[in-house]
Amino acid sequence: MITLKVKKDRTGPITGRHPWLFSGALYGVPEGIEPGTPVRLESPDEKYLASGYFNSHSQIAVRIWGHDEHEEVDAEFFVRRIRRAFNIRKSLVENPGTDSFRVVNGENDLLPGLIVDMYAGYLAVQFHTRGIEHWRQEISAALIEVIAPRGIYERSEAGSRRVEGLGSHAGILYGDVPDVVTIKENGFTFLIDIKGGQKTGFFLDQRDKRAAVVKYSSGRAVLNAFSYTGGFCVYALSGGAKSVVNVDTSKNALDMARENIKINGLDPGRCEFVCEDVKKYIKDIKHGDFNLIVLDPPAFIKDRKKKNEGLVGYKKINDTAVSVLDSGGVLVTCSCSNHLSMGDFRYLLSESGGKAGKTLQILESFTGSVDHPVLAANIEGDYLKVFFIRVV
């Protein structure tokens with residue numbers, strides 16, 4: 001295993017168990033190291049610090065995946081990592097009413113750059129870095145050994161791959177995967193498009209937030225903005241919502257939302273489906289049109305350099321939502337931008353309340369769900385923030 005020496009004043013994050021090491025923290029790198037090559041990190045006095053893989057195509061030169069200097073990186077290494085991650089989900093998430101969850105959450109399961117989602121026995125896999133892609137064959141074999149899936153489909157299309165100089169890649173890695181998969185979540189049924197849907201097909205990280213919406217829905221007129229395939233709609237209707245307007249730019253997603261409502265035995269006549277840009281639609285809603293609004297947008301802040309631009313987007317939709325809600329109205333507002341902290345998001349919402357002359361009361365707050373764990377040191381990985389807010 002190749003040894004890389006870390007500058008004395010840059011060892012702190014490693015001993016604090018942060019999973020990234022930037023190139024500027026190294027004294028030097030021998031020429032010719034291929035991405036994915038296992039490396040051993042040492043202090044200037046040759047003390048072992050951590051192990052990881054080399055990743056030459058970004059500022060993050062080493063992604064750390066272990067702190068056992070005697071651990072070998074071979075096929076069994078990936079079996080151990082995946083089995084540990086899978087067993088956590090089986091014990092905490094899987095039950096007769098839920099058969100879909102995240103199996104591997106990248107750095108946070110000590111497999112940096114790897115995402116694996118389970119959908120009713122099928123796996124959707126994403127390789128986000130050159131380094132982890134180097135181990136595609138070993139990882140696929142480990143997934144087959146540990147999980148015995150019905151099929152594995154690769155969805156390596158994340159924007160982070162462009163930073164690595166990689167293009168998009170999608171296709172079957174093992175077995176067969178149908179165009180539409182039927183899953184169970186909290187006793188509900190959903191149709192999932194693993195091959196062409198957003199991310200890997202469904203937003204598994206919102207499972208507990210969807211469940212929380214049920215208790216706020218009885219008798220309410222609901223706006224489900226950025227509705228995708230109707231997850232929040234199904235839960236709201238089951239909670240007794242009077243009506244739900246689903247707004248999304250994707251006609252295919254809205255068509256699947258209709259089907260998801262029907263297969264759960266709910267009344268599609270209580271729903272409206274609007275294929276339109278939410279930012280445009282929300283400008284025309286009026287005071288009192290809705291008393292429960294769900295805002296679940298894509299990440300408006302794509303990178304740190306565009307933070308201010310993204311903040312404008314969050315401010316506009318939240319300002320409007322707060323302004324049209326009466327006293328007792330509820331706003332469920334989300335951000336999946338890891339460049340927007342929970343504190344900054346909360347401050348943005350307080351400004352929305354002040355601008356509208358309304359007092360906002362936080363009823364509940366959430367981050368990622370239990371199958372999306374985050375290492376304590378990996379602040380950058382804590383991307384999802386959700387507030388349930390009541391207008392006083």
# chains A, B, ... in the order shown; residues from 1 in each chain; ligands from 1
>>> closest_atom_pairs(of="region 232-313 of chain A", to="region 189-199 of chain A", cutoff="9 Å", atoms="only C-alpha atoms", output="Markdown table")
| residue | atom | partner | partner_atom | distance |
| --- | --- | --- | --- | --- |
| A:Ala253 | CA | A:Gly197 | CA | 8.0 |
| A:Met256 | CA | A:Leu191 | CA | 7.0 |
| A:Ala257 | CA | A:Leu191 | CA | 8.5 |
| A:Glu259 | CA | A:Leu191 | CA | 7.7 |
| A:Asn260 | CA | A:Phe190 | CA | 5.4 |
| A:Ile261 | CA | A:Phe190 | CA | 8.6 |
| A:Ile263 | CA | A:Thr189 | CA | 6.9 |
| A:Asn264 | CA | A:Thr189 | CA | 6.2 |
>>> residues_around(residues="Pro298 (chain A)", least_positions_apart="4", cutoff="9 Å", atoms="only C-alpha atoms", output="MDAnalysis selection string")
chainID A and resid 226 335:337
>>> closest_atom_pairs(of="region 18-94 of chain A", to="region 357-370 of chain A", cutoff="10 Å", atoms="only C-alpha atoms", output="JSON lines")
{"residue": "A:Ile88", "atom": "CA", "partner": "A:Val370", "partner_atom": "CA", "distance": 9.3}
{"residue": "A:Arg89", "atom": "CA", "partner": "A:Val370", "partner_atom": "CA", "distance": 8.0}
{"residue": "A:Leu92", "atom": "CA", "partner": "A:Val370", "partner_atom": "CA", "distance": 7.4}
{"residue": "A:Val93", "atom": "CA", "partner": "A:Val370", "partner_atom": "CA", "distance": 7.5}
>>> atom_distance(atom1="CA of Leu204 (chain A)", atom2="CA of Tyr53 (chain A)")
28.0 Å
>>> closest_residue(among="A:Ala377, A:Glu71, A:Lys215, A:Gly313", to="Gly12 (chain A)", atoms="only C-alpha atoms")
A:Ala377
